[in-house]
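S.K.: Shown below is the structure under consideration.
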Amino acid sequence: AQVVPDASRCVQCGICSYNCPIEIDVRASACRGLPINSSYCLTCGECVRRCPRGVLAFERLPLLIGK
């Protein structure tokens with residue numbers, strides 16, 4: 001899974017980045033509408049849970065079998 005934002009709802013408050021235990025700048029990606037695809041992301045969900053506007057959500061990634 002990866003965290004994906006709805007950029008139209010992001011007000012750049014920074015709460016997502018503040019609560020990231022790995023200190024990923026989630027806000028920068030969220031305000032641009034880009035998925036958080038950092039290899040350091042633990043997908044712990046803290047940014048998703050803490051966002052007061054519900055901007056962030058998990059999206060499943062397809063499994064690439066046999067590649």
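Order determines the names: the first chain of the structure tokens is A, the second B, and so forth; residues in each chain are numbered 1 upward, and ligands are numbered 1 upward as they are shown.
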Which residues come within 10 Å of region 18-25 of chain A, counting only C-alpha atoms, excluding same-chain residues fewer than 3 positions away, as number ranges by chain?
M.R.: A: 13-15, 28-30, 36, 38, 40-51
S.K.: Taking only chain A into account, list the residues labelled strand (DSSP E or B) by DSSP (computed from the backbone), as a list in words.
M.R.: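 Here are the strand (DSSP E or B) residues of chain A: Gln2, Val3, Val4, Pro5, Ile36, Leu56, Ala57, Phe58 and Glu59 of chain A.
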S.K.: Export, as a CSV table (one decimal), in the first residue's frame, the selected residues with N, CA, C and O atoms.
M.R.:
chain,number,residue,atom,x,y,z
A,2,GLN,N,0.3,2.3,-0.4
A,2,GLN,CA,1.0,3.6,-0.3
A,2,GLN,C,-0.1,4.7,0.1
A,2,GLN,O,-1.2,4.5,0.0
A,3,VAL,N,0.4,5.8,0.6
A,3,VAL,CA,-0.4,6.9,1.1
A,3,VAL,C,-0.6,7.8,-0.1
A,3,VAL,O,0.3,8.2,-0.7
A,4,VAL,N,-1.9,8.1,-0.4
A,4,VAL,CA,-2.2,9.0,-1.5
A,4,VAL,C,-3.1,10.2,-0.9
A,4,VAL,O,-3.9,10.0,-0.1
A,5,PRO,N,-2.8,11.4,-1.4
A,5,PRO,CA,-3.5,12.5,-0.9
A,5,PRO,C,-4.6,13.0,-1.9
A,5,PRO,O,-4.6,12.7,-3.1
A,36,ILE,N,2.9,9.3,-1.5
A,36,ILE,CA,4.1,9.2,-0.6
A,36,ILE,C,4.7,7.8,-1.0
A,36,ILE,O,4.3,6.8,-0.5
A,56,LEU,N,-5.5,12.3,3.5
A,56,LEU,CA,-4.7,11.2,3.1
A,56,LEU,C,-5.4,9.9,3.3
A,56,LEU,O,-6.3,9.7,4.2
A,57,ALA,N,-5.1,8.9,2.4
A,57,ALA,CA,-5.7,7.6,2.5
A,57,ALA,C,-4.7,6.6,2.0
A,57,ALA,O,-3.8,6.9,1.2
A,58,PHE,N,-5.0,5.3,2.3
A,58,PHE,CA,-4.2,4.2,1.8
A,58,PHE,C,-4.7,3.7,0.4
A,58,PHE,O,-6.0,3.7,0.3
A,59,GLU,N,-3.9,3.4,-0.5
A,59,GLU,CA,-4.3,2.8,-1.8
A,59,GLU,C,-3.4,1.6,-2.0
A,59,GLU,O,-2.2,1.6,-1.8
S.K.: As a list in words, list the residues of chain A assigned to helix (DSSP H, G or I) by DSSP on the backbone atoms of this structure.
M.R.: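 Filtering chain A to helix (DSSP H, G or I) leaves Ala7, Ser8, Arg9, Ile15, Cys16, Ser17, Tyr18, Val26, Arg27, Ala28, Ser29, Ala30, Cys31, Arg32, Glu46, Cys47, Val48, Arg49 and Arg50 of chain A.
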S.K.: Provide the CA of Ser39 (chain A) to CA of Val55 (chain A) distance in Å, to one decimal place.
M.R.: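 Taking CA of Ser39 (chain A) and CA of Val55 (chain A), their separation equals 21.0 Å.
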